[in-house]
Amino acid sequence: MNSEISGVVASFLITLLIAVPLGKYLAKMFAGERVWTDFMKPVENGLFKIAGIRANEPMDWKQFLKAMLTINLLWLVYGFFVLIYQDKLPLNPDGNPGMTPDLAFNTIISFVVNCDLQHYSGESGVTYLTQHIIMMFLMFTSAATGIAAAVGLFKAFRDKTVDNIGNFWEFFVKALTRLLLPLSIVVAVILAFNGTPSSYAGKDQFISLQGDTVNVSRGPAAEMIAIKHLGTNGGGWFGANSAHPLENPTYVTNMTEIISQMIIPMAMIIAFGYFIRRKKLGWVIFGVMTIGMFMLMIPTISSELGGNPNIAKMGVTQATGAMEGKEVRIGPMATGYWSTLTTIVSTGSVNSMHDSAMPLTGVWQLLGMMINGFFGGCGVGILNYFIYLIIAVFISGLMVGRTPEFLGHKVEAREVKIAALVTLISPLLIMAGTAIAAFVFSTYGNADWAVKPSNWLNNPGFHGFSEMLYEFTSANANNGSGFEGLGDNNVFWNVSTGFVLILGRFLPIIGPVAIAGMLAKKKYIPESAGTLRTDTVTFGMMTLAVILVLNALSYFPALALGPLAEYFSMR
Amino acid sequence: MKRSSQIMKNQSNKLFEPALVKTALRESFIKLNPRIMLRNPVMFTVEVGTAIMLYVTVYSFMYSGQGNWGYNFIIFLILLLTVLFANFAEAIAEARGKAQADSLRKTREDTPAKVVLDNGTVVTKSSNELKKGDVFVCEPGDTIPTDGEITEGLATIDESAITGESAPVIREAGGDKSSVTGGTKVLSDRIKVVVTTQPGESFLDKMIALVEGASRQKTPNEIALTILLASFTLIFIIVCVTLKPFAGYANTPITIAALISLFVCLIPTTIGGLLSAIGIAGMDRALRANVITKSGKAVETAGDIDTLLLDKTGTITIGNRKATQFWPAPGVSPDDLVKTAVLSSLADETPEGKSIVELAATHVKLPAVPEGSAFIKFTAETRSSGIDTPDGLRIRKGAYDAMRKLALNAGHIMQNAVKERVEAISSNGGTPLVVTQNEEIMGVIELQDIIKPGIAERFERLRKMGVKTVMVTGDNPLTAKFIAEKAGVDDFIAEAKPEDKMNYIKHEQASGKLVAMMGDGTNDAPALAQADVGVAMNSGTQAAKEAGNMVDLDNDPTKLIEIVEIGKQLLITRGTLTTFSIANDVAKYFAIVPALFIASIPALQSLNIMGLHSPESAILSAVIFNAIIIPVLIPLALKGVEYKPIGASALLRRNLLIYGLGGVIAPFIGIKLIDVVIALFL
């Protein structure tokens with residue numbers, strides 16, 4: 001028990017030790033100040049030259065978003081066709097087939113949007129080539145897209161009144177060359193030396209003690225697992241993700257992976273404070289997110305350690321807590337820790353089966369993804385938080401008797417309209433998606449589809465409802481983890497979550513960047529004693545309250561019918 | 001402050017005057033018209049829900065499947081009440097505003113006007129027939145028929161009908177105090193006045209139109225808040241619509257009554273119902289302070305003011321300077337100085353002159369002015385005034401520089417003691433007046449500004465609100481600085497010319513600040529227009545009144561401070577009630593969600609933390625609470641949430657605690673209590 005606690009505490013402390021200096025470095029690096037990675041400059045300039053990009057050209061928020069959306073659309077089209085025809089392309093030693101169009105649609109979207117929902121299994125659904133030029137490639141670019149968008153928002157608040165929010169291409173390329181690539185190399189090497197495969201050979205074979213011949217898939221997995229965490233992507237090389245013994249062989253790799261998925265989201269918050277020269281604001285946001293994280297993590301760990309009451313009723317002692325779906329080498333506490341982090345930061349990689357977690361854990365996991373702003377995904381976490389912040393600024397501005405302002409810029413109808421729309425999009429996608437699925441399941445259960453809707457759920461009842469809710473929540477949050485009891489590789493789920501994925505990704509990027517761009521253009525109002533400061537503990541708590549109340553109100557009925565009903569009926 | 005308390009006595013302070021309530025009740029039903037309701041998206045959705053419930057009631061009366069028709073009917077009634085309560089809030093706010101404005105307007109209805117025709121003859125017409133550009137005359141005892149500007153003459157006027165101030169005021173042609181207001185009374189002298197407004201277009205008429213529904217426009221902040229509330233409403237539409245298939249999955253039939261109840265409880269009806277009442281009440285509070293606002297936006301902007309330009313005289317100091325001390329020159333007896341000072345001032349009608357006589361009267365018996373004396377008026381060239389008596393005395397009093405020149409030219413010496421005294425007075429914020437007799441220096445009269453009692457505290461309060469105060473004065477920088485420090489203003493403009501005000505405003509605005517000022521003269525008009533909140537005095541010129549966005553009927557310069565607080569109060573009331581409204585939802589969920597599903601999922605009884613009697617009573621209690629909270633909060637919406645200048649963060653903490661946390665807890669108690677009562681009947 002004690003060693004379990006110290007493992008979790010050590011993981012958190014190491015994360016902080018890396019994230020804080022990394023954040024300061026990011027602030028300097030994106031601001032164009034001198035940093036040690038300036039040696040990458042020739043590489044970047046070379047890339048810009050080949051692509052014909054003028055990376056010094058300032059962009060206003062519209063140009064910035066246009067650049068971002070164009071390149072993402074390009075990847076979408078290119079990836080779709082490669083996935084369909086992957087069987088005809090080289091580097092396919094296991095002879096895996098091409099994807100069906102609906103699976104390819106879902107898969108390519110989910111990788112472009114940094115989600116990695118993975119309705120396929122890595123061992124049989126993709127080839128070594130597509131793992132590289134689609135999966136790993138997009139893991140880098142989607143993370144860099146999010147980071148670049150966030151830096152655009154940073155830039156809007158660095159100076160008093162500005163038209164331009166920086167150059168998308170510059171931020172994007174720098175995020176790759178000076179952050180994601182170097183860190184990935186380090187993490188991949190650690191993983192490779194701790195037992196994660198890194199080879200191009202096809203399946204291996206061994207004969208087990210029982211005398212059975214076992215085929216073991218492998219491949220250059222360590223590289224992918226490094227970026228899958230650093231870029232908060234979460235798509236595993238193998239179907240079982242980081243619960244798979246080859247993706248996550250030891251406690252050391254487990255720590256490495258959990259640390260690497262947290263450092264960039266954390267560092268971005270600190271970078272925000274340093275970049276806009278309001279360190280205190282950065283730390284207050286950091287504090288709110290940390291509190292939020294613990295609010296979800298502590299009950300998660302406690303409900304997992306408490307064990308399963310149904311098993312307890314059978315008279316089985318559960319000294320180590322609920323072990324169903326968990327890996328013995330990792331243990332329930334590190335698993336609980338991971339499951340909270342992977343849901344709040346939108347990684348979605350799993351080191352246990354979330355489907356088997358205790359019902360209350362499901363509530364916290366779902367809430368983590370619904371909120372999606374406690375650290376959140378690479379770059380996009382702070383964009384999501386920004387929307388909550390604008391709403392908090394608006395309401396609390398009124399409460400102190402001033403028309404609301406954020407960092408010296410008045411928040412008016414136009415900004416509120418965008419923030420309100422973005423706030424709306426999550427409940428709409430999650431609840432409408434789940435409602436349609438629930439309706440189809442209960443009304444057209446025997447419809448003559450390739451997979452009958454009545455066969456979607458391994459566990460009908462409350463848990464089945466949670467599975468469907470989880471799938472849409474995960475898609476909307478661009479998280480990518482799943483309650484794996486759901487039969488999701490069929491046209492309904494591929495197409496419906498595909499749309500949720502793409503809307504849940506880009507609207508919450510466009511919204512905040514647009515608001516930031518609009519605010520940046522407005523006249524700067526100097527602070528006075530009547531101004532509500534946003535870098536105070538009071539305002540931090542106000543934001544936390546807005547986050548909790550808004551999400552509780554949006555999702556309470558759904559949570560009550562799924563995991564809460566399950567929890568209460570298990571007691 | 002005495003003045004406004006006097007006014008409050010004249011006007012009813014009661015929130016619910018029976019006559020007004022009656023009008024408001026009637027209006028609440030008229031406002032049910034969907035086209036009017038559409039202006040308020042939150043309450044419009046409630047009205048739609050009410051209509052559906054009516055249909056469900058009729059349906060359930062004839063068919064089965066949607067529950068008991070009596071129960072549905074009760075839900076329908078409560079929803080209808082919710083809409084009516086919201087309408088009533090708006091209507092009572094309107095009625096109060098209108099009543100307030102009407103009482104001001106009544107004073108000027110249908111008075112006879114002596115109109116001067118083009119050929120010079122005077123005919124008597126009704127004031128209702130007066131058009132812009134008409135000229136009328138007023139003689140002592142006449143009530144001025146309508147707003148206008150004096151073109152000829154000077155008169156003392158009793159403005160107590162409007163301002164509540166009983167002391168008569170002087171209005172004269174040509175100056176900055178040339179405006180007269182309809183309903184006020186001429187006490188002395190004859191004036192010729194030109195009508196400046198078309199009938200029905202006076203500021204008061206415009207204000208009444210603003211309060212009444214038709215021309216009232218939403219302010220920018222109100223629009224932003226409405227958008228936010230609409231988006232919350234949409235979220236809850238999503239929540240309730242999706243609940244139907246969710247329940248289908250869980251094999252739980254949900255009645256339409258339950259779904260609509262949940263929806264109405266969740267959407268922010270409390271703030272949605274009170275929002276327009278809050279806005280109207282803001283303008284009404286301004287009117288109660290005797291300030292006519294030309295738009296709701298102006299009141300809102302007032303809450304954001306960063307910089308306040310205040311005239312020294314009348315705002316920071318009481319009226320004019322007063323003589324406080326006589327300082328004889330060496331070798332001159334005090335009595336001689338006082339005597340000469342009095343002689344030079346007896347005919348001096350300026351406030352300074354009068355104050356010298358007043359002060360002297362406490363020292364000596366006032367001398368009489370010798371027969372045949374000639375008074376010398378003050379001119380800008382001589383910068384002195386005085387008297388020449390038949391027995392050859394030439395007495396002058398005036399500025400130090402002018403008097404010094406006078407004495408030196410006549411060959412007298414300037415004594416050092418006098419010079420030192422003059423400097424001492426100046427550096428104390430006073431104004432020295434040097435008195436000469438036959439060009440010989442007799443001594444110095446010290447004039448001092450009297451700073452209004454309590455003004456320093458008010459500036460301290462403004463500072464805590466984050467408002468910077470700037471004193472504008474014609475005094476020299478030394479005097480200005482002294483008074484500024486003594487009164488506690490943050491900055492001052494000394495030796496101010498009208499364009500200095502303008503430049504100061506522009507400079508502040510360039511750095512992003514919002515500026516408010518008060519003015520009366522025509523040369524103030526550009527600055528009034530430039531300022532974000534420009535308050536013109538009602539006594540001021542028409543140009544000034546047109547340029548500003550508020551008119552102060554009391555002509556009271558300290559009014560700016562009240563206006564800023566009214567603006568802040570308006571925003572705070574909106575913010576706190578929004579918070580309260582949203583916070584209420586937590587308890588309502590705990591009432592309704594278990595009630596919806598308890599039949600098929602008994603385990604959810606654990607969510608019924610209030611221990612409500614039955615699903616039916618739980619839903620009823622929540623809906624009743626939701627309806628009742630609106631009228632309960634009407635007084636708060638009308639009076640406004642109190643503003644406390646304790647710093648933004650402290651204020652946020654305080655309001656979050658009261659309205660946020662209070663908003664979470666209150667409905668738990670309220671719903672439980674209602675449920676206990678309902679349980680008795682079920």
# chains A, B, ... in the order shown; residues from 1 in each chain; ligands from 1
call {"tool": "residues_around", "arguments": {"residues": "Ala277 in chain B", "least_positions_apart": "2", "cutoff": "7 Å", "atoms": "only C-alpha atoms", "output": "short mmCIF file (atom, residue, chain, number, x, y, z; two decimals) with N, CA and C atoms, in the first residue's frame"}}
result
data_model
loop_
_atom_site.label_atom_id
_atom_site.label_comp_id
_atom_site.auth_asym_id
_atom_site.auth_seq_id
_atom_site.Cartn_x
_atom_site.Cartn_y
_atom_site.Cartn_z
N ALA B 89 -43.45 41.39 -12.71
CA ALA B 89 -42.20 42.06 -12.32
C ALA B 89 -41.89 43.19 -13.28
N GLU B 90 -42.00 42.88 -14.58
CA GLU B 90 -41.71 43.90 -15.58
C GLU B 90 -42.74 45.02 -15.50
N ALA B 93 -42.36 47.37 -12.51
CA ALA B 93 -41.22 48.26 -12.70
C ALA B 93 -41.59 49.39 -13.65
N LEU B 274 -36.88 38.42 -14.26
CA LEU B 274 -36.64 39.70 -13.59
C LEU B 274 -35.73 40.64 -14.39
N LEU B 275 -35.16 40.12 -15.48
CA LEU B 275 -34.12 40.87 -16.19
C LEU B 275 -34.59 42.26 -16.63
N GLY B 279 -33.53 46.32 -15.33
CA GLY B 279 -33.10 47.42 -16.19
C GLY B 279 -33.98 48.64 -16.00
N ILE B 280 -35.29 48.43 -15.97
CA ILE B 280 -36.21 49.56 -15.80
C ILE B 280 -36.00 50.20 -14.43
N ALA B 281 -35.86 49.33 -13.42
CA ALA B 281 -35.68 49.84 -12.07
C ALA B 281 -34.42 50.70 -11.97
N ALA B 637 -35.08 43.08 -6.99
CA ALA B 637 -34.82 43.52 -8.36
C ALA B 637 -35.12 45.01 -8.50
N LEU B 638 -36.16 45.47 -7.84
CA LEU B 638 -36.54 46.88 -7.97
C LEU B 638 -35.61 47.78 -7.17
#
call {"tool": "residues_around", "arguments": {"residues": "Phe472 in chain A", "least_positions_apart": "5", "cutoff": "7 Å", "atoms": "only C-alpha atoms", "output": "MDAnalysis selection string"}}
result
chainID A and resid 430 433:434 497
call {"tool": "select_by_dssp", "arguments": {"residues": "range 125-346 of chain A", "states": "helix (DSSP H, G or I)", "output": "ChimeraX atom specification"}}
result
/A:125,128-158,168-193,221-230,241-243,251-275,279-305,309-313,331-344
call {"tool": "write_last_selection", "arguments": {"atoms": "C-alpha atoms", "output": "compact mmCIF listing (two decimals), in the first residue's frame"}}
result
# COMPACT_ATOMS: atom_id res chain seq x y z
CA GLY A 125 -6.52 -3.51 -38.51
CA TYR A 128 3.29 -1.00 -40.26
CA LEU A 129 3.17 1.57 -43.06
CA THR A 130 -0.13 3.15 -41.99
CA GLN A 131 0.93 3.01 -38.33
CA HIS A 132 3.78 5.28 -39.45
CA ILE A 133 2.51 7.56 -42.16
CA ILE A 134 -1.00 7.91 -40.77
CA MET A 135 -1.15 7.12 -37.08
CA MET A 136 2.22 8.34 -35.84
CA PHE A 137 2.39 11.17 -38.34
CA LEU A 138 -1.00 12.51 -37.24
CA MET A 139 -0.13 12.00 -33.58
CA PHE A 140 2.62 14.56 -34.07
CA THR A 141 0.70 16.96 -36.27
CA SER A 142 -2.57 16.90 -34.31
CA ALA A 143 -0.75 17.64 -31.07
CA ALA A 144 1.20 20.42 -32.78
CA THR A 145 -2.05 21.82 -34.20
CA GLY A 146 -3.53 22.11 -30.73
CA ILE A 147 -0.39 23.65 -29.31
CA ALA A 148 -0.14 26.16 -32.17
CA ALA A 149 -3.78 27.19 -31.69
CA ALA A 150 -3.16 27.75 -28.00
CA VAL A 151 -0.06 29.82 -28.69
CA GLY A 152 -2.19 31.94 -31.04
CA LEU A 153 -4.45 32.63 -28.06
CA PHE A 154 -1.44 33.40 -25.86
CA LYS A 155 -0.20 35.87 -28.42
CA ALA A 156 -3.53 37.71 -28.43
CA PHE A 157 -3.03 38.64 -24.77
CA ARG A 158 0.69 39.30 -24.73
CA PHE A 168 0.17 29.47 -37.40
CA TRP A 169 2.91 27.76 -39.43
CA GLU A 170 5.66 29.08 -37.24
CA PHE A 171 4.01 27.86 -34.04
CA PHE A 172 3.06 24.56 -35.62
CA VAL A 173 6.52 23.72 -36.93
CA LYS A 174 8.24 24.88 -33.77
CA ALA A 175 5.94 22.70 -31.68
CA LEU A 176 7.17 19.75 -33.71
CA THR A 177 10.87 20.52 -34.01
CA ARG A 178 11.47 21.99 -30.60
CA LEU A 179 9.05 20.12 -28.40
CA LEU A 180 7.40 16.95 -29.64
CA LEU A 181 10.24 15.40 -31.64
CA PRO A 182 13.02 15.79 -29.08
CA LEU A 183 10.84 14.64 -26.18
CA SER A 184 9.51 11.68 -28.18
CA ILE A 185 13.03 10.45 -28.88
CA VAL A 186 13.85 10.49 -25.18
CA VAL A 187 10.65 8.72 -24.14
CA ALA A 188 10.87 6.15 -26.96
CA VAL A 189 14.40 5.22 -25.96
CA ILE A 190 13.36 4.74 -22.31
CA LEU A 191 10.46 2.53 -23.39
CA ALA A 192 12.53 0.51 -25.85
CA PHE A 193 15.13 -0.24 -23.19
CA ALA A 221 5.80 0.19 -31.05
CA ALA A 222 8.04 2.19 -28.69
CA GLU A 223 8.16 5.23 -31.01
CA MET A 224 4.40 5.36 -31.29
CA ILE A 225 3.79 4.89 -27.59
CA ALA A 226 6.09 7.81 -26.86
CA ILE A 227 4.19 10.29 -29.03
CA LYS A 228 0.81 8.79 -28.16
CA HIS A 229 1.38 10.03 -24.62
CA LEU A 230 3.39 13.17 -25.19
CA ASN A 241 -3.44 -0.14 -25.49
CA SER A 242 -1.17 0.41 -22.49
CA ALA A 243 -2.76 -2.47 -20.64
CA TYR A 251 6.06 -0.15 -13.48
CA VAL A 252 8.87 2.03 -14.87
CA THR A 253 7.27 2.21 -18.31
CA ASN A 254 3.96 2.87 -16.59
CA MET A 255 5.46 5.85 -14.78
CA THR A 256 7.18 7.03 -17.93
CA GLU A 257 3.96 6.93 -19.88
CA ILE A 258 1.83 8.59 -17.20
CA ILE A 259 4.40 11.34 -16.74
CA SER A 260 4.83 11.95 -20.43
CA GLN A 261 1.11 12.43 -21.04
CA MET A 262 0.87 15.11 -18.36
CA ILE A 263 3.94 17.25 -18.94
CA ILE A 264 2.87 19.17 -22.04
CA PRO A 265 -0.67 19.98 -20.85
CA MET A 266 0.77 21.19 -17.54
CA ALA A 267 3.62 23.05 -19.17
CA MET A 268 1.24 24.88 -21.50
CA ILE A 269 -0.57 26.44 -18.54
CA ILE A 270 2.64 27.70 -17.03
CA ALA A 271 3.76 28.82 -20.47
CA PHE A 272 0.55 30.87 -20.76
CA GLY A 273 1.36 32.82 -17.60
CA TYR A 274 4.95 33.46 -18.61
CA PHE A 275 4.13 34.22 -22.21
CA LYS A 279 2.74 34.57 -14.17
CA LYS A 280 0.22 34.75 -11.36
CA LEU A 281 -2.68 34.18 -13.73
CA GLY A 282 -0.90 31.09 -15.06
CA TRP A 283 -0.39 29.76 -11.56
CA VAL A 284 -4.00 30.43 -10.54
CA ILE A 285 -5.23 28.50 -13.56
CA PHE A 286 -2.72 25.79 -12.76
CA GLY A 287 -4.03 25.68 -9.19
CA VAL A 288 -7.67 25.41 -10.27
CA MET A 289 -6.83 22.60 -12.67
CA THR A 290 -4.82 20.76 -10.04
CA ILE A 291 -7.67 21.02 -7.54
CA GLY A 292 -10.07 19.78 -10.20
CA MET A 293 -7.73 16.91 -10.95
CA PHE A 294 -7.61 15.83 -7.32
CA MET A 295 -11.38 16.22 -6.96
CA LEU A 296 -11.73 13.55 -9.62
CA MET A 297 -8.73 11.47 -8.68
CA ILE A 298 -9.20 10.96 -4.94
CA PRO A 299 -12.72 9.47 -5.17
CA THR A 300 -11.60 7.38 -8.14
CA ILE A 301 -8.74 5.82 -6.22
CA SER A 302 -10.89 5.38 -3.14
CA SER A 303 -13.71 3.63 -5.02
CA GLU A 304 -11.22 1.31 -6.74
CA LEU A 305 -9.43 0.47 -3.51
CA PRO A 309 -19.42 -4.97 -3.27
CA ASN A 310 -20.82 -7.83 -5.37
CA ILE A 311 -17.59 -9.76 -4.91
CA ALA A 312 -17.53 -8.85 -1.24
CA LYS A 313 -21.04 -10.32 -0.92
CA GLY A 331 -1.81 -2.23 -9.18
CA PRO A 332 -5.12 -0.44 -8.49
CA MET A 333 -3.72 2.85 -7.21
CA ALA A 334 -1.46 3.58 -10.16
CA THR A 335 -4.34 2.42 -12.33
CA GLY A 336 -6.75 4.84 -10.67
CA TYR A 337 -4.19 7.62 -11.00
CA TRP A 338 -3.75 6.85 -14.68
CA SER A 339 -7.46 6.56 -15.37
CA THR A 340 -8.09 10.05 -13.95
CA LEU A 341 -5.25 11.65 -15.85
CA THR A 342 -5.99 9.94 -19.13
CA THR A 343 -9.59 11.19 -18.98
CA ILE A 344 -8.84 14.77 -17.93
call {"tool": "select_by_dssp", "arguments": {"residues": "range 127-375 of chain A", "states": "strand (DSSP E)", "output": "number ranges by chain"}}
result
A: 204-207, 213-216
call {"tool": "interface_residues", "arguments": {"of": "chain B", "to": "chain A", "cutoff": "7 Å", "atoms": "only C-alpha atoms", "output": "ChimeraX atom specification"}}
result
/B:220-221,223-224,227-228,231,235,238-239,242,245-246,248-249,303-304,464-466,511-513,568-569,571-572,574-576,593,603-604,647-649,651-653,655
call {"tool": "write_last_selection", "arguments": {"atoms": "N, CA and C atoms", "output": "tab-separated table (two decimals), in the first residue's frame"}}
result
chain	number	residue	atom	x	y	z
B	220	PRO	N	-26.39	46.94	-24.33
B	220	PRO	CA	-25.42	45.93	-24.80
B	220	PRO	C	-25.20	44.83	-23.78
B	221	ASN	N	-25.10	45.22	-22.52
B	221	ASN	CA	-24.84	44.22	-21.50
B	221	ASN	C	-26.05	43.31	-21.30
B	223	ILE	N	-28.10	42.53	-23.63
B	223	ILE	CA	-28.10	41.62	-24.79
B	223	ILE	C	-27.16	40.46	-24.54
B	224	ALA	N	-25.96	40.78	-24.06
B	224	ALA	CA	-24.97	39.72	-23.82
B	224	ALA	C	-25.51	38.73	-22.79
B	227	ILE	N	-28.14	36.50	-24.27
B	227	ILE	CA	-27.54	35.44	-25.08
B	227	ILE	C	-27.09	34.29	-24.19
B	228	LEU	N	-26.43	34.64	-23.11
B	228	LEU	CA	-25.94	33.60	-22.20
B	228	LEU	C	-27.11	32.80	-21.62
B	231	SER	N	-28.54	30.49	-24.10
B	231	SER	CA	-27.74	29.28	-24.33
B	231	SER	C	-27.94	28.29	-23.19
B	235	ILE	N	-29.27	24.48	-23.54
B	235	ILE	CA	-28.66	23.30	-22.92
B	235	ILE	C	-29.74	22.47	-22.24
B	238	ILE	N	-31.84	20.55	-24.57
B	238	ILE	CA	-31.14	19.32	-24.95
B	238	ILE	C	-31.29	18.27	-23.85
B	239	VAL	N	-31.06	18.71	-22.60
B	239	VAL	CA	-31.14	17.77	-21.48
B	239	VAL	C	-32.52	17.12	-21.43
B	242	THR	N	-33.41	14.86	-24.68
B	242	THR	CA	-32.70	13.59	-24.72
B	242	THR	C	-33.14	12.66	-23.58
B	245	PRO	N	-35.61	9.62	-24.83
B	245	PRO	CA	-35.03	8.34	-25.27
B	245	PRO	C	-34.22	7.64	-24.17
B	246	PHE	N	-33.57	8.42	-23.30
B	246	PHE	CA	-32.84	7.79	-22.19
B	246	PHE	C	-33.82	6.96	-21.36
B	248	GLY	N	-36.65	5.83	-22.35
B	248	GLY	CA	-37.11	4.71	-23.17
B	248	GLY	C	-36.17	3.53	-23.02
B	249	TYR	N	-34.87	3.83	-23.03
B	249	TYR	CA	-33.86	2.77	-22.86
B	249	TYR	C	-34.02	2.11	-21.50
B	303	GLY	N	-21.86	52.81	-14.37
B	303	GLY	CA	-21.23	51.88	-13.46
B	303	GLY	C	-19.78	51.57	-13.79
B	304	ASP	N	-19.40	51.87	-15.03
B	304	ASP	CA	-18.04	51.55	-15.49
B	304	ASP	C	-17.09	52.73	-15.43
B	464	LYS	N	-12.23	53.61	-3.60
B	464	LYS	CA	-12.38	52.17	-3.40
B	464	LYS	C	-13.17	51.52	-4.53
B	465	MET	N	-14.03	52.31	-5.17
B	465	MET	CA	-14.78	51.79	-6.31
B	465	MET	C	-13.90	51.75	-7.55
B	466	GLY	N	-12.70	52.34	-7.43
B	466	GLY	CA	-11.81	52.38	-8.59
B	466	GLY	C	-12.06	53.58	-9.48
B	511	SER	N	-6.48	56.41	-23.18
B	511	SER	CA	-5.86	55.29	-22.46
B	511	SER	C	-6.92	54.28	-22.03
B	512	GLY	N	-8.10	54.36	-22.65
B	512	GLY	CA	-9.10	53.31	-22.45
B	512	GLY	C	-10.05	53.54	-21.30
B	513	LYS	N	-10.02	54.74	-20.72
B	513	LYS	CA	-10.89	54.94	-19.56
B	513	LYS	C	-12.22	55.56	-19.95
B	568	LYS	N	-23.62	50.80	-11.03
B	568	LYS	CA	-23.00	49.58	-10.50
B	568	LYS	C	-24.05	48.65	-9.92
B	569	GLN	N	-24.98	49.25	-9.20
B	569	GLN	CA	-26.05	48.47	-8.60
B	569	GLN	C	-26.82	47.68	-9.66
B	571	LEU	N	-25.79	46.54	-12.59
B	571	LEU	CA	-25.04	45.37	-13.07
B	571	LEU	C	-24.97	44.30	-11.99
B	572	ILE	N	-24.74	44.73	-10.76
B	572	ILE	CA	-24.60	43.75	-9.67
B	572	ILE	C	-25.91	42.97	-9.51
B	574	ARG	N	-28.11	42.29	-11.75
B	574	ARG	CA	-28.18	41.30	-12.83
B	574	ARG	C	-27.29	40.11	-12.54
B	575	GLY	N	-26.04	40.38	-12.15
B	575	GLY	CA	-25.07	39.30	-11.94
B	575	GLY	C	-25.48	38.39	-10.80
B	576	THR	N	-25.88	38.97	-9.68
B	576	THR	CA	-26.18	38.14	-8.52
B	576	THR	C	-27.43	37.30	-8.77
B	593	VAL	N	-35.08	14.63	-10.67
B	593	VAL	CA	-34.51	13.44	-11.33
B	593	VAL	C	-34.87	12.14	-10.62
B	603	ALA	N	-33.34	2.12	-6.89
B	603	ALA	CA	-32.06	2.46	-6.28
B	603	ALA	C	-31.84	3.96	-6.28
B	604	LEU	N	-32.46	4.69	-7.23
B	604	LEU	CA	-32.23	6.13	-7.31
B	604	LEU	C	-32.90	6.88	-6.16
B	647	GLY	N	-13.67	46.68	-2.80
B	647	GLY	CA	-12.71	46.07	-3.71
B	647	GLY	C	-13.39	44.94	-4.46
B	648	ALA	N	-12.98	44.79	-5.73
B	648	ALA	CA	-13.69	43.87	-6.61
B	648	ALA	C	-13.67	42.43	-6.09
B	649	SER	N	-12.50	41.96	-5.65
B	649	SER	CA	-12.41	40.55	-5.26
B	649	SER	C	-13.23	40.28	-4.01
B	651	LEU	N	-15.81	41.95	-3.03
B	651	LEU	CA	-17.23	42.04	-3.39
B	651	LEU	C	-17.70	40.76	-4.07
B	652	LEU	N	-16.81	40.21	-4.93
B	652	LEU	CA	-17.16	38.96	-5.61
B	652	LEU	C	-17.34	37.83	-4.58
B	653	ARG	N	-16.40	37.78	-3.63
B	653	ARG	CA	-16.50	36.74	-2.59
B	653	ARG	C	-17.81	36.87	-1.84
B	655	ASN	N	-20.66	38.39	-2.72
B	655	ASN	CA	-21.86	38.09	-3.51
B	655	ASN	C	-21.94	36.61	-3.88
call {"tool": "residues_around", "arguments": {"residues": "range 539-545 of chain B", "least_positions_apart": "5", "cutoff": "10 Å", "atoms": "only C-alpha atoms", "output": "number ranges by chain"}}
result
B: 147-150, 159, 169-171, 173-181, 196-197, 203, 518-529, 534, 550-555
call {"tool": "atom_distance", "arguments": {"atom1": "CA of Phe326 in chain B", "atom2": "CA of Ile455 in chain B"}}
result
27.6 Å
call {"tool": "atom_distance", "arguments": {"atom1": "CA of Val491 in chain A", "atom2": "CA of Leu76 in chain A"}}
result
18.5 Å
call {"tool": "closest_residue", "arguments": {"among": "A:His119, A:Arg505, A:Arg34, A:His354", "to": "Gly239 in chain A", "atoms": "only C-alpha atoms"}}
result
A:His119
call {"tool": "atom_distance", "arguments": {"atom1": "CA of Tyr71 in chain B", "atom2": "CA of Asn40 in chain B"}}
result
28.0 Å
call {"tool": "residues_around", "arguments": {"residues": "Ala201 in chain A", "least_positions_apart": "4", "cutoff": "9 Å", "atoms": "only C-alpha atoms", "output": "number ranges by chain"}}
result
A: 93, 218-220
call {"tool": "residues_around", "arguments": {"residues": "Thr324 in chain B", "least_positions_apart": "6", "cutoff": "8 Å", "atoms": "only C-alpha atoms", "output": "CSV table (one decimal) with N, CA and C atoms, in the first residue's frame"}}
result
chain,number,residue,atom,x,y,z
B,359,LEU,N,-18.9,88.9,7.6
B,359,LEU,CA,-17.8,88.7,8.6
B,359,LEU,C,-17.6,90.0,9.4
B,445,ILE,N,-7.7,90.9,3.1
B,445,ILE,CA,-8.9,90.1,3.5
B,445,ILE,C,-8.6,88.7,3.0
B,446,GLU,N,-8.8,87.7,3.9
B,446,GLU,CA,-8.6,86.3,3.5
B,446,GLU,C,-9.9,85.7,3.2
B,447,LEU,N,-9.9,85.2,1.9
B,447,LEU,CA,-11.1,84.4,1.5
B,447,LEU,C,-10.8,82.9,1.5
B,448,GLN,N,-11.6,82.2,2.0
B,448,GLN,CA,-11.3,80.7,2.0
B,448,GLN,C,-12.5,79.9,1.4
